[in-house]
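Content type mmCIF, C-alpha atoms and all ligand atoms, from the file model16.cif:
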```cif
data_structure
#
loop_
_atom_site.label_atom_id
_atom_site.label_comp_id
_atom_site.auth_asym_id
_atom_site.auth_seq_id
_atom_site.Cartn_x
_atom_site.Cartn_y
_atom_site.Cartn_z
CA MET O 14 66.44 123.42 37.22
CA ASN O 15 65.75 124.63 40.74
CA VAL O 16 62.38 124.76 42.49
CA GLU O 17 61.96 128.48 41.99
CA ILE O 18 62.36 128.17 38.23
CA PHE O 19 60.15 125.10 38.03
CA ASN O 20 57.41 126.86 39.98
CA TYR O 21 57.67 129.97 37.88
CA PHE O 22 57.26 128.19 34.56
CA SER O 23 54.64 125.71 35.72
CA LYS O 24 52.54 128.59 37.10
CA PHE O 25 52.96 130.54 33.89
CA ILE O 26 51.82 127.59 31.75
CA GLU O 27 48.93 126.82 34.07
CA LYS O 28 47.74 130.40 33.96
CA GLU O 29 47.98 130.71 30.19
CA LEU O 30 46.91 127.25 29.04
CA GLY O 31 45.41 125.60 32.08
CA ILE O 32 47.94 122.83 31.62
CA VAL O 33 49.02 121.55 35.01
CA TYR O 34 52.58 120.41 35.47
CA SER O 35 52.94 118.75 38.85
CA ASP O 36 56.28 117.82 40.42
CA PHE O 37 55.52 114.51 38.86
CA ASN O 38 56.17 115.80 35.34
CA GLN O 39 59.10 117.98 36.27
CA PHE O 40 61.35 116.11 33.85
CA GLN O 41 58.90 116.61 31.04
CA LEU O 42 58.75 120.33 31.69
CA GLN O 43 62.51 120.47 31.96
CA ALA O 44 62.91 118.75 28.58
CA ARG O 45 60.43 121.16 27.02
CA LEU O 46 62.19 124.20 28.51
CA GLU O 47 65.50 122.95 27.16
CA GLU O 48 63.87 123.01 23.72
CA VAL O 49 62.70 126.55 24.37
CA ALA O 50 66.22 127.63 25.29
CA LYS O 51 67.56 126.05 22.11
CA SER O 52 64.99 127.65 19.85
CA LEU O 53 65.64 131.05 21.42
CA SER O 54 69.41 130.52 21.11
CA LEU O 55 69.87 130.87 24.85
CA PRO O 56 72.46 128.74 26.67
CA SER O 57 70.27 127.35 29.47
CA ILE O 58 66.88 127.25 31.17
CA GLU O 59 68.28 129.68 33.72
CA ALA O 60 68.98 132.13 30.91
CA VAL O 61 65.39 131.78 29.66
CA TYR O 62 64.21 132.46 33.19
CA GLU O 63 66.36 135.59 33.53
CA GLU O 64 65.09 136.83 30.22
CA VAL O 65 61.38 136.32 30.86
CA ARG O 66 61.60 137.85 34.31
CA ARG O 67 62.93 141.01 32.77
CA GLY O 68 59.67 141.19 30.83
CA MET O 69 58.16 138.69 28.46
CA LEU O 70 57.93 139.62 24.81
CA GLU O 71 54.83 138.42 22.97
CA SER O 72 56.94 136.41 20.51
CA ARG O 73 58.85 134.67 23.31
CA LYS O 74 55.64 133.91 25.09
CA GLN O 75 54.31 132.12 22.02
CA VAL O 76 57.46 129.99 21.79
CA LEU O 77 56.98 128.96 25.41
CA LEU O 78 53.31 128.15 24.93
CA ASP O 79 53.92 126.23 21.70
CA ILE O 80 56.51 124.05 23.30
CA ALA O 81 54.49 123.43 26.45
CA THR O 82 51.85 121.64 24.38
CA ASN O 83 51.78 117.99 23.38
CA ASN O 84 50.72 117.81 19.74
CA GLU O 85 50.47 114.05 19.37
CA THR O 86 47.75 113.13 16.86
CA SER O 87 47.01 111.03 13.80
CA PHE O 88 44.48 110.55 11.02
CA PHE O 89 41.41 108.61 12.19
CA ARG O 90 42.89 108.36 15.67
CA ASP O 91 40.71 105.78 17.43
CA LYS O 92 38.96 104.63 14.28
CA SER O 93 35.73 103.69 16.06
CA VAL O 94 35.19 107.36 17.01
CA PHE O 95 35.21 108.27 13.33
CA ASP O 96 32.72 105.50 12.59
CA ALA O 97 30.50 107.10 15.23
CA ILE O 98 30.98 110.54 13.64
CA GLN O 99 29.95 109.04 10.31
CA ALA O 100 26.81 107.58 11.88
CA ILE O 101 25.99 110.97 13.42
CA LEU O 102 26.49 112.72 10.08
CA LEU O 103 24.01 110.27 8.55
CA SER O 104 21.45 110.83 11.30
CA ASP O 105 18.77 113.52 11.32
CA LEU O 106 21.42 115.97 12.40
CA GLY O 107 22.74 116.16 8.85
CA LYS O 108 19.37 116.62 7.20
CA ASN O 109 18.57 119.90 5.45
CA HIS O 110 21.51 121.97 6.58
CA LYS O 111 25.25 122.22 6.50
CA VAL O 112 26.62 120.41 9.54
CA LYS O 113 29.01 122.62 11.48
CA ILE O 114 31.88 120.80 13.14
CA TRP O 115 34.54 122.15 15.45
CA SER O 116 37.85 120.38 15.99
CA ALA O 117 38.71 122.18 19.22
CA ALA O 118 42.36 121.17 19.65
CA SER O 119 43.27 120.29 16.13
CA SER O 120 47.05 120.00 16.38
CA TYR O 121 48.43 119.40 12.86
CA GLY O 122 44.91 119.05 11.44
CA GLN O 123 44.58 115.29 11.03
CA GLU O 124 41.34 115.18 13.05
CA ALA O 125 39.66 117.90 10.96
CA TYR O 126 40.85 116.50 7.65
CA SER O 127 39.71 113.00 8.66
CA VAL O 128 36.18 114.35 9.15
CA SER O 129 36.46 116.10 5.80
CA MET O 130 37.41 112.80 4.14
CA ILE O 131 34.38 111.15 5.75
CA LEU O 132 32.17 113.87 4.26
CA SER O 133 33.70 113.18 0.84
CA GLU O 134 33.15 109.44 1.25
CA LEU O 135 29.51 109.98 2.17
CA THR O 136 28.96 112.37 -0.73
CA ALA O 137 30.52 109.86 -3.13
CA GLN O 138 28.14 107.20 -1.77
CA GLY O 139 25.23 109.46 -2.75
CA HIS O 140 24.29 110.85 0.66
CA ALA O 141 23.06 114.42 0.70
CA VAL O 142 25.27 115.51 3.57
CA ASN O 143 27.18 118.71 3.66
CA GLY O 144 29.58 119.98 6.28
CA GLN O 145 31.99 122.65 7.26
CA ILE O 146 34.80 122.30 9.77
CA LEU O 147 36.52 124.83 12.00
CA ALA O 148 39.85 123.66 13.38
CA THR O 149 41.51 125.56 16.20
CA ASP O 150 44.51 125.19 18.46
CA ILE O 151 46.51 127.36 20.81
CA ALA O 152 49.89 126.49 19.28
CA GLU O 153 50.75 128.71 16.32
CA ARG O 154 53.47 126.38 15.17
CA VAL O 155 51.09 123.48 14.56
CA LEU O 156 48.34 125.71 13.15
CA ALA O 157 50.70 127.17 10.57
CA ARG O 158 51.46 123.74 9.23
CA ALA O 159 47.89 122.44 9.55
CA LYS O 160 46.74 125.25 7.27
CA THR O 161 49.05 124.14 4.47
CA GLY O 162 47.36 120.72 4.39
CA ARG O 163 50.77 119.09 4.02
CA PHE O 164 51.88 116.00 5.90
CA THR O 165 55.06 113.99 6.19
CA GLN O 166 55.34 110.47 4.95
CA LEU O 167 55.22 109.19 8.53
CA GLU O 168 52.08 111.18 9.28
CA VAL O 169 50.11 109.92 6.28
CA GLN O 170 51.04 106.36 7.09
CA ARG O 171 49.50 106.65 10.53
CA GLY O 172 45.79 105.95 10.28
CA LEU O 173 45.40 106.17 6.50
CA SER O 174 45.09 103.11 4.30
CA ALA O 175 46.84 103.14 0.94
CA PRO O 176 43.53 103.57 -0.96
CA PHE O 177 42.75 106.66 1.16
CA MET O 178 46.21 108.10 0.52
CA LEU O 179 45.58 107.58 -3.17
CA LYS O 180 42.11 109.06 -3.13
CA TYR O 181 42.74 112.16 -1.03
CA PHE O 182 46.41 113.12 -1.36
CA SER O 183 49.10 113.92 -3.86
CA THR O 184 52.86 114.37 -3.42
CA ASP O 185 54.93 117.39 -4.27
CA GLY O 186 58.57 117.29 -5.32
CA GLU O 187 59.77 117.74 -1.73
CA GLY O 188 58.30 114.62 -0.21
CA TRP O 189 55.21 116.22 1.32
CA TRP O 190 51.79 114.61 1.03
CA LYS O 191 49.22 117.29 0.33
CA ILE O 192 45.52 116.87 0.96
CA ASN O 193 43.30 117.48 -2.08
CA ALA O 194 41.51 120.78 -2.59
CA THR O 195 37.96 119.54 -1.92
CA GLU O 196 38.88 118.09 1.47
CA LYS O 197 41.00 121.13 2.31
CA GLN O 198 38.35 123.68 1.42
CA ARG O 199 35.91 122.36 4.02
CA VAL O 200 38.34 123.14 6.82
CA SER O 201 39.27 126.58 8.11
CA PHE O 202 41.82 127.23 10.84
CA ALA O 203 42.01 129.78 13.62
CA LYS O 204 43.87 130.26 16.86
CA GLN O 205 41.71 129.64 19.91
CA ASN O 206 42.74 129.13 23.51
CA LEU O 207 40.18 126.86 25.20
CA ARG O 208 40.54 129.00 28.30
CA GLN O 209 39.12 131.98 26.46
CA SER O 210 35.61 132.85 25.30
CA PHE O 211 34.04 130.90 22.42
CA VAL O 212 31.35 133.44 21.55
CA SER O 213 33.08 134.66 18.40
CA LEU O 214 33.15 131.13 16.97
CA GLY O 215 29.43 130.78 16.26
CA THR O 216 27.47 127.60 16.97
CA PHE O 217 28.13 123.98 16.10
CA ASP O 218 26.41 120.63 15.60
CA ILE O 219 29.43 118.54 16.55
CA ILE O 220 32.35 119.51 18.78
CA LEU O 221 35.44 117.32 18.92
CA CYS O 222 37.37 118.01 22.09
CA ARG O 223 39.73 115.10 22.17
CA ASN O 224 42.90 114.47 24.10
CA VAL O 225 43.25 118.01 25.35
CA LEU O 226 41.12 118.23 28.51
CA ILE O 227 43.37 115.67 30.16
CA TYR O 228 45.83 118.46 30.78
CA GLN O 229 43.29 120.67 32.53
CA SER O 230 42.37 120.74 36.21
CA VAL O 231 38.84 119.55 37.09
CA GLU O 232 37.68 123.16 37.35
CA GLY O 233 39.26 123.94 34.00
CA LYS O 234 37.51 120.95 32.40
CA LYS O 235 34.12 121.96 33.82
CA ASP O 236 34.51 125.48 32.55
CA VAL O 237 35.46 124.39 29.03
CA VAL O 238 32.65 121.84 28.61
CA ASP O 239 30.03 124.21 30.02
CA ARG O 240 30.99 126.86 27.53
CA MET O 241 30.97 124.24 24.77
CA ALA O 242 27.41 123.32 25.75
CA GLN O 243 26.43 126.94 25.23
CA ILE O 244 27.57 127.00 21.61
CA LEU O 245 26.24 123.56 20.66
CA ASN O 246 23.00 123.57 18.69
CA PRO O 247 20.08 121.65 20.23
CA GLY O 248 20.68 117.93 19.69
CA GLY O 249 24.35 118.57 18.92
CA TYR O 250 27.16 116.32 20.07
CA LEU O 251 30.31 116.72 22.12
CA ILE O 252 32.88 114.02 21.47
CA LEU O 253 35.82 113.47 23.81
CA GLY O 254 38.93 111.35 23.44
CA SER O 255 38.60 107.65 24.08
CA GLY O 256 39.36 107.21 27.74
CA GLU O 257 37.97 110.65 28.59
CA SER O 258 34.58 111.13 30.18
CA LEU O 259 32.19 113.87 31.22
CA LEU O 260 31.35 111.98 34.38
CA GLY O 261 30.93 114.50 37.18
CA LEU O 262 31.84 117.39 34.90
CA SER O 263 28.57 118.56 33.40
CA GLN O 264 24.79 118.25 33.66
CA ASN O 265 24.25 119.69 30.21
CA PHE O 266 24.67 116.47 28.26
CA GLU O 267 23.15 113.04 27.93
CA SER O 268 25.62 110.29 27.25
CA LYS O 269 24.71 108.11 24.31
CA LYS O 270 26.27 105.11 22.65
CA VAL O 271 26.76 105.46 18.92
CA ASN O 272 28.47 102.48 17.26
CA ASN O 273 29.73 101.45 20.68
CA VAL O 274 31.37 104.81 21.30
CA ILE O 275 30.19 107.08 24.11
CA VAL O 276 29.29 110.53 22.83
CA TYR O 277 27.56 113.39 24.64
CA GLN O 278 24.40 114.88 23.24
CA LYS O 279 23.33 118.26 24.45
CA ALA O 280 20.36 117.65 26.72
CA ALA O 281 16.96 118.95 25.59
CA LEU O 282 16.46 120.98 28.77
CA ALA O 283 19.85 122.60 28.47
CA SER O 284 19.16 123.52 24.89
CA LYS O 285 15.95 125.27 25.92
CA LEU O 286 17.76 127.22 28.60
CA VAL O 287 20.26 128.54 26.13
CA ALA O 288 17.85 129.18 23.25
CA MET C 30 41.85 80.94 18.52
CA SER C 31 42.04 80.55 14.77
CA ALA C 32 44.95 78.87 13.01
CA LYS C 33 48.32 80.53 13.17
CA LYS C 34 48.63 83.33 10.59
CA ARG C 35 51.28 82.87 8.00
CA PHE C 36 52.92 85.36 5.64
CA LEU C 37 55.58 85.54 2.95
CA LEU C 38 58.26 88.24 2.95
CA ILE C 39 59.92 88.85 -0.42
CA ASP C 40 62.82 91.27 0.09
CA ASP C 41 66.51 91.24 -0.72
CA SER C 42 67.47 93.13 2.41
CA LYS C 43 68.50 90.96 5.36
CA SER C 44 67.92 93.83 7.74
CA ILE C 45 64.26 94.10 6.68
CA HIS C 46 63.81 90.38 7.37
CA ALA C 47 65.32 90.89 10.82
CA PHE C 48 63.14 93.92 11.52
CA VAL C 49 59.93 92.24 10.38
CA ARG C 50 60.67 89.05 12.30
CA GLU C 51 61.21 91.04 15.47
CA ALA C 52 58.20 93.33 14.94
CA VAL C 53 55.68 90.54 14.38
CA SER C 54 57.06 88.16 17.00
CA PRO C 55 54.47 89.13 19.67
CA LEU C 56 51.69 88.34 17.17
CA GLY C 57 52.76 84.72 16.83
CA PHE C 58 52.75 84.83 13.02
CA GLU C 59 54.75 82.38 10.98
CA MET C 60 57.07 84.21 8.59
CA VAL C 61 58.46 82.62 5.44
CA SER C 62 61.47 84.43 3.91
CA VAL C 63 62.60 84.65 0.32
CA PHE C 64 65.06 87.13 -1.15
CA ASP C 65 63.96 87.97 -4.67
CA GLY C 66 60.83 88.05 -6.82
CA ALA C 67 61.55 84.83 -8.72
CA GLN C 68 61.92 82.95 -5.43
CA GLY C 69 58.67 84.52 -4.31
CA VAL C 70 56.76 83.37 -7.37
CA ALA C 71 58.27 79.88 -7.08
CA LYS C 72 57.29 79.72 -3.43
CA ILE C 73 53.69 80.69 -4.18
CA GLN C 74 53.53 78.13 -7.00
CA ALA C 75 54.39 75.42 -4.49
CA ASP C 76 52.45 76.74 -1.50
CA LYS C 77 49.48 79.11 -1.52
CA ASN C 78 48.71 78.88 2.14
CA PHE C 79 49.50 82.47 3.15
CA ASP C 80 47.38 85.15 4.82
CA PHE C 81 49.32 88.01 3.27
CA ILE C 82 52.48 88.88 1.36
CA LEU C 83 55.02 91.69 1.88
CA LEU C 84 56.90 92.64 -1.25
CA ASP C 85 59.94 94.83 -1.84
CA TRP C 86 60.16 96.98 -4.99
CA GLU C 87 63.82 96.95 -5.99
CA MET C 88 65.24 93.43 -6.03
CA PRO C 89 67.61 91.37 -8.19
CA VAL C 90 66.35 88.69 -10.64
CA MET C 91 62.71 89.83 -10.64
CA ASP C 92 61.69 93.24 -9.32
CA GLY C 93 58.67 94.09 -7.19
CA PRO C 94 56.26 95.39 -9.86
CA THR C 95 56.86 92.35 -12.10
CA THR C 96 56.47 90.04 -9.14
CA LEU C 97 53.31 91.83 -8.07
CA LYS C 98 51.74 91.32 -11.51
CA GLU C 99 52.52 87.61 -11.34
CA LEU C 100 51.28 87.16 -7.80
CA VAL C 101 48.03 89.03 -8.44
CA LYS C 102 47.30 86.57 -11.25
CA MET C 103 48.25 83.52 -9.19
CA VAL C 104 46.68 84.39 -5.82
CA PRO C 105 44.25 87.30 -6.28
CA HIS C 106 42.69 86.57 -2.88
CA ILE C 107 45.89 87.06 -0.85
CA PRO C 108 46.42 90.72 0.16
CA ILE C 109 49.82 92.04 -0.83
CA SER C 110 51.62 95.09 0.54
CA MET C 111 54.59 96.76 -1.04
CA ILE C 112 57.37 97.73 1.35
CA THR C 113 59.52 100.28 -0.37
CA SER C 114 61.42 103.56 -0.43
CA LYS C 115 59.64 104.62 -3.61
CA ASN C 116 57.53 107.21 -1.96
CA SER C 117 55.66 109.27 -4.50
CA PHE C 118 51.99 109.38 -5.31
CA GLU C 119 52.75 108.01 -8.80
CA ASN C 120 54.54 104.97 -7.35
CA LEU C 121 51.66 104.32 -4.98
CA LYS C 122 49.12 104.66 -7.76
CA GLU C 123 50.99 102.29 -10.02
CA MET C 124 51.08 99.53 -7.41
CA ILE C 125 47.49 99.93 -6.23
CA THR C 126 46.40 99.83 -9.87
CA ILE C 127 48.24 96.54 -10.40
CA GLY C 128 46.55 95.13 -7.32
CA ALA C 129 48.53 95.87 -4.16
CA LYS C 130 46.30 96.34 -1.09
CA GLU C 131 48.70 98.29 1.06
CA TYR C 132 51.83 100.35 0.68
CA ILE C 133 54.45 100.71 3.39
CA MET C 134 56.93 103.50 2.77
CA LYS C 135 60.45 103.48 4.20
CA PRO C 136 61.44 104.81 6.57
CA PHE C 137 58.56 103.80 8.79
CA THR C 138 58.20 103.14 12.50
CA LYS C 139 57.33 99.88 14.17
CA ASP C 140 53.92 101.30 15.11
CA ILE C 141 53.15 102.16 11.52
CA PHE C 142 54.32 98.76 10.38
CA LEU C 143 52.08 96.95 12.86
CA GLU C 144 49.13 99.16 11.93
CA LYS C 145 49.56 98.23 8.26
CA ILE C 146 49.88 94.54 9.15
CA GLN C 147 46.65 94.87 11.08
CA THR C 148 44.84 96.18 7.99
CA LEU C 149 46.25 93.34 5.87
CA CYS C 150 45.46 90.66 8.39
CA PRO C 151 43.18 91.72 11.24
CA VAL C 152 43.95 89.88 14.46
CA GLU C 153 42.92 90.45 18.03
CA THR C 154 45.95 91.99 19.69
CA LYS C 155 46.50 93.09 23.22
CA VAL C 156 48.03 96.54 23.22
CA SER C 157 50.87 96.56 25.68
C1 LIG E 301 47.37 115.75 22.05
S1 LIG E 301 46.84 116.97 20.89
C2 LIG E 301 45.28 116.32 20.43
C3 LIG E 301 44.97 116.50 18.95
C4 LIG E 301 43.67 115.86 18.46
N1 LIG E 301 42.51 116.47 19.06
C5 LIG E 301 43.67 114.38 18.74
O1 LIG E 301 42.92 113.91 19.59
O2 LIG E 301 44.42 113.67 18.09
C6 LIG E 301 46.44 118.30 21.99
C7 LIG E 301 46.40 119.67 21.33
O3 LIG E 301 45.77 120.58 22.23
C8 LIG E 301 46.38 121.85 22.13
N2 LIG E 301 46.11 122.60 23.38
C9 LIG E 301 46.62 122.39 24.61
N3 LIG E 301 46.13 123.28 25.48
C10 LIG E 301 45.26 124.07 24.79
C11 LIG E 301 44.45 125.17 25.14
N4 LIG E 301 44.41 125.65 26.39
N5 LIG E 301 43.69 125.73 24.16
C12 LIG E 301 43.72 125.27 22.89
N6 LIG E 301 44.48 124.23 22.51
C13 LIG E 301 45.25 123.64 23.44
C14 LIG E 301 47.84 121.53 21.88
O4 LIG E 301 48.50 122.60 21.24
C15 LIG E 301 47.75 120.26 21.03
O5 LIG E 301 47.89 120.54 19.66
#
```

Could you render the structure as structure tokens?
Amino acid sequence: MNVEIFNYFSKFIEKELGIVYSDFNQFQLQARLEEVAKSLSLPSIEAVYEEVRRGMLESRKQVLLDIATNNETSFFRDKSVFDAIQAILLSDLGKNHKVKIWSAASSYGQEAYSVSMILSELTAQGHAVNGQILATDIAERVLARAKTGRFTQLEVQRGLSAPFMLKYFSTDGEGWWKINATEKQRVSFAKQNLRQSFVSLGTFDIILCRNVLIYQSVEGKKDVVDRMAQILNPGGYLILGSGESLLGLSQNFESKKVNNVIVYQKAALASKLVA
Amino acid sequence: MSAKKRFLLIDDSKSIHAFVREAVSPLGFEMVSVFDGAQGVAKIQADKNFDFILLDWEMPVMDGPTTLKELVKMVPHIPISMITSKNSFENLKEMITIGAKEYIMKPFTKDIFLEKIQTLCPVETKVS
């Protein structure tokens, strides 16, 4: 792949997704573009380039964007974060109203369904907590599967103990593990690019924005978290991936330790400004 | 550091023994190998000093479910995981009902295997 082609595709992906491919990840981009060529039945990256320069069809564009994303995820990824979410659900936040949770880069849905399983666990333990989860992603390919609530054998084995598999899943004849109706019904899915406006989404008590901002430039990160602050309810939480931090990105949050996990609570002053 | 962790692998497949030995080697566990259920039961009769047990389903002489029933009676405190290609919900339910603590379905990856081992026998590990 020559420099011209690399620059073209990396600019395209940066513009559409905010994902920055530097020269450093040229091989990664090349591998992804080879996949694109294959799935479009084109012989080479050069052929993809020729084609898109003649005018990009919407369907082709989606293939490119889907493949440019890294969809790595698992159930209860970084278990301690989910312990913190459980503690938050049991705090005053969950009193007297349905807690609204947004899984902002949901990939195949494990993050959203993990929260749903926590809600079921808490209900079974007799807690009066109720919640509703919106799961969004830019990649249509992963969303389509997430919506079915089906997972492969490898996926259910990552992060789920056998008793949880037993409690919340069943198998169909084709080897898929399907999440049970109660846990599925709490989650709805929609396509949402984090680069675009959130106003149509409503407001939330908890936003999970994990392992997705890493791909954004600093400006991109600032923009996303500021707009997330605007749709968080007063006292609501923003939770990032472990290893990610809001340091230097936003003044709208107070960092707090819940069960030894750093989470970001929307600052009182900021909530007044928005209200 | 606590005493060295020790486990029993009951499986008729030599390649599983090789895989498990290799996968757990960084953890410094001691692995004891037997190749069918009857050997497993005999081993536990003689020596109950294990932190966990990994148990295959389909084996000659005495199969996994029968062995599991015996072991649960003999050593109810030792966590046991099945390691099997019987991958349906019904199979899982049957084994958990008898008393298995975990269930490892083949094929699995080394990461998944180590995660399951960690739930059976929590140890401080350095992630490389
Ligand atoms: C590594 S996964 C993280 C999944 C999950 N949050 C977790 O932590 O396990 C990142 C996801 O972000 C999505 N993504 C990347 N850029 C995005 C953007 N600009 N808008 C929305 N989703 C995006 C990808 O499609 C991918 O599914």

Can you pull out every residue within 10 Å of Ser210 in chain O, counting all atoms listed in the file, but drop anything in the same chain fewer than 3 positions away, and send it as number ranges by chain? O: 205-207, 213-214, 237, 240-241

With all atoms listed in the file as the atoms that count, which of O:Arg67, O:Lys180, O:Lys269, O:Arg223 lies nearest to ligand LIG 301 (chain E)? O:Arg223

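Neighbouring residues of Lys122 in chain C at 10 Å or closer, counting only C-alpha atoms and skipping chain neighbours under 3 positions away, are Ala175, Pro176, Met178, Leu179 and Lys180 of chain O; Ser117, Phe118, Glu119, Ile125, Thr126, Ile127, Gly128, Ala129 and Tyr132 of chain C.
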
Any idea which chain O residues end up within 12 Å of chain C if we count only C-alpha atoms, as an NGL selection string please? :O and (87 or 90 or 92 or 165-192)

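Ranking C:Phe36, C:Val90, C:Pro105, C:Leu97 by their shortest atom-to-atom distance to Leu56 in chain C, with only C-alpha atoms included, puts C:Phe36 first.
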
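Checking O:Val61, O:Leu46, O:Leu55, O:Ile32 one by one against ligand LIG 301 (chain E), counting all atoms listed in the file, you find the shortest gap at O:Ile32.
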
6 Å contact set for Phe81 in chain C, all atoms listed in the file, chain neighbours under 4 positions out, as a PyMOL selection string: chain C and resi 36+107-109

Those residues with C-alpha atoms, as a PDB file, in the coordinates of the input please?
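Written file, result.pdb:
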```
ATOM      1  CA  PHE C  36      52.920  85.360   5.640  1.00  0.00           C
ATOM      2  CA  ILE C 107      45.890  87.060  -0.850  1.00  0.00           C
ATOM      3  CA  PRO C 108      46.420  90.720   0.160  1.00  0.00           C
ATOM      4  CA  ILE C 109      49.820  92.040  -0.830  1.00  0.00           C
TER       5      ILE C 109
END
```

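Using only C-alpha atoms, the smallest distance between any of O:Tyr126, O:Phe217, O:Phe202, O:Tyr250 and Lys160 in chain O comes from O:Phe202.
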
Could you state the separation of CA of Asn20 in chain O and CA of Lys204 in chain O in Å, given to one decimal place? 27.0 Å

Protein and nucleic residues near ligand LIG 301 (chain E), 6 Å, only C-alpha atoms and all ligand atoms, as a list of chain:residue names: O:Leu30, O:Gly31, O:Thr82, O:Asn83, O:Asn84, O:Glu85, O:Thr86, O:Ser87, O:Ala118, O:Ser119, O:Ser120, O:Glu124, O:Asp150, O:Ile151, O:Ala152, O:Gln205, O:Asn206, O:Leu207, O:Arg208, O:Arg223, O:Asn224, O:Val225

Of C:Lys139, C:Lys77, C:Lys34, C:Lys43, the one sitting nearest Val152 in chain C when using all atoms listed in the file is C:Lys34

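Note that CA of Ala81 in chain O and CA of Ile26 in chain O are 7.2 Å apart.
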
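CA of Leu84 in chain C is positioned 16.8 Å from CA of Phe58 in chain C.
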
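For Ala71 in chain C, the list of residues within 12 Å, based on all atoms listed in the file and with local chain neighbours fewer than 3 positions off taken out, reads Leu37, Ile39, Val63, Phe64, Asp65, Gly66, Ala67, Gln68, Gln74, Ala75, Asp76, Lys77, Met91, Thr96, Glu99, Leu100 and Met103 of chain C.
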
Missing atoms in range 99-115 of chain C: can you complete it with N, CA and C atoms, as a PDB file, in the coordinates of the input?
```
ATOM      1  N   GLU C  99      52.617  89.069 -11.355  1.00  0.00           N
ATOM      2  CA  GLU C  99      52.520  87.610 -11.340  1.00  0.00           C
ATOM      3  C   GLU C  99      51.667  87.117 -10.181  1.00  0.00           C
ATOM      4  N   LEU C 100      51.960  87.646  -9.006  1.00  0.00           N
ATOM      5  CA  LEU C 100      51.280  87.160  -7.800  1.00  0.00           C
ATOM      6  C   LEU C 100      49.780  87.470  -7.852  1.00  0.00           C
ATOM      7  N   VAL C 101      49.442  88.648  -8.372  1.00  0.00           N
ATOM      8  CA  VAL C 101      48.030  89.030  -8.440  1.00  0.00           C
ATOM      9  C   VAL C 101      47.262  88.042  -9.330  1.00  0.00           C
ATOM     10  N   LYS C 102      47.937  87.579 -10.382  1.00  0.00           N
ATOM     11  CA  LYS C 102      47.300  86.570 -11.250  1.00  0.00           C
ATOM     12  C   LYS C 102      47.157  85.227 -10.528  1.00  0.00           C
ATOM     13  N   MET C 103      48.216  84.854  -9.805  1.00  0.00           N
ATOM     14  CA  MET C 103      48.250  83.520  -9.190  1.00  0.00           C
ATOM     15  C   MET C 103      47.355  83.419  -7.960  1.00  0.00           C
ATOM     16  N   VAL C 104      47.415  84.453  -7.109  1.00  0.00           N
ATOM     17  CA  VAL C 104      46.680  84.390  -5.820  1.00  0.00           C
ATOM     18  C   VAL C 104      45.941  85.709  -5.573  1.00  0.00           C
ATOM     19  N   PRO C 105      44.928  85.993  -6.402  1.00  0.00           N
ATOM     20  CA  PRO C 105      44.250  87.300  -6.280  1.00  0.00           C
ATOM     21  C   PRO C 105      43.601  87.521  -4.909  1.00  0.00           C
ATOM     22  N   HIS C 106      43.366  86.437  -4.172  1.00  0.00           N
ATOM     23  CA  HIS C 106      42.690  86.570  -2.880  1.00  0.00           C
ATOM     24  C   HIS C 106      43.646  86.908  -1.737  1.00  0.00           C
ATOM     25  N   ILE C 107      44.950  86.783  -1.952  1.00  0.00           N
ATOM     26  CA  ILE C 107      45.890  87.060  -0.850  1.00  0.00           C
ATOM     27  C   ILE C 107      46.295  88.539  -0.895  1.00  0.00           C
ATOM     28  N   PRO C 108      46.026  89.299   0.172  1.00  0.00           N
ATOM     29  CA  PRO C 108      46.420  90.720   0.160  1.00  0.00           C
ATOM     30  C   PRO C 108      47.943  90.878   0.143  1.00  0.00           C
ATOM     31  N   ILE C 109      48.382  91.805  -0.675  1.00  0.00           N
ATOM     32  CA  ILE C 109      49.820  92.040  -0.830  1.00  0.00           C
ATOM     33  C   ILE C 109      50.113  93.501  -0.488  1.00  0.00           C
ATOM     34  N   SER C 110      51.163  93.725   0.300  1.00  0.00           N
ATOM     35  CA  SER C 110      51.620  95.090   0.540  1.00  0.00           C
ATOM     36  C   SER C 110      53.024  95.269   0.007  1.00  0.00           C
ATOM     37  N   MET C 111      53.237  96.389  -0.668  1.00  0.00           N
ATOM     38  CA  MET C 111      54.590  96.760  -1.040  1.00  0.00           C
ATOM     39  C   MET C 111      55.272  97.289   0.225  1.00  0.00           C
ATOM     40  N   ILE C 112      56.598  97.180   0.234  1.00  0.00           N
ATOM     41  CA  ILE C 112      57.370  97.730   1.350  1.00  0.00           C
ATOM     42  C   ILE C 112      58.602  98.322   0.685  1.00  0.00           C
ATOM     43  N   THR C 113      58.636  99.656   0.612  1.00  0.00           N
ATOM     44  CA  THR C 113      59.520 100.280  -0.370  1.00  0.00           C
ATOM     45  C   THR C 113      59.963 101.694  -0.005  1.00  0.00           C
ATOM     46  N   SER C 114      61.063 102.146  -0.601  1.00  0.00           N
ATOM     47  CA  SER C 114      61.420 103.560  -0.430  1.00  0.00           C
ATOM     48  C   SER C 114      61.000 104.384  -1.642  1.00  0.00           C
ATOM     49  N   LYS C 115      60.223 103.825  -2.521  1.00  0.00           N
ATOM     50  CA  LYS C 115      59.640 104.620  -3.610  1.00  0.00           C
ATOM     51  C   LYS C 115      58.393 105.285  -3.067  1.00  0.00           C
TER      52      LYS C 115
END
```
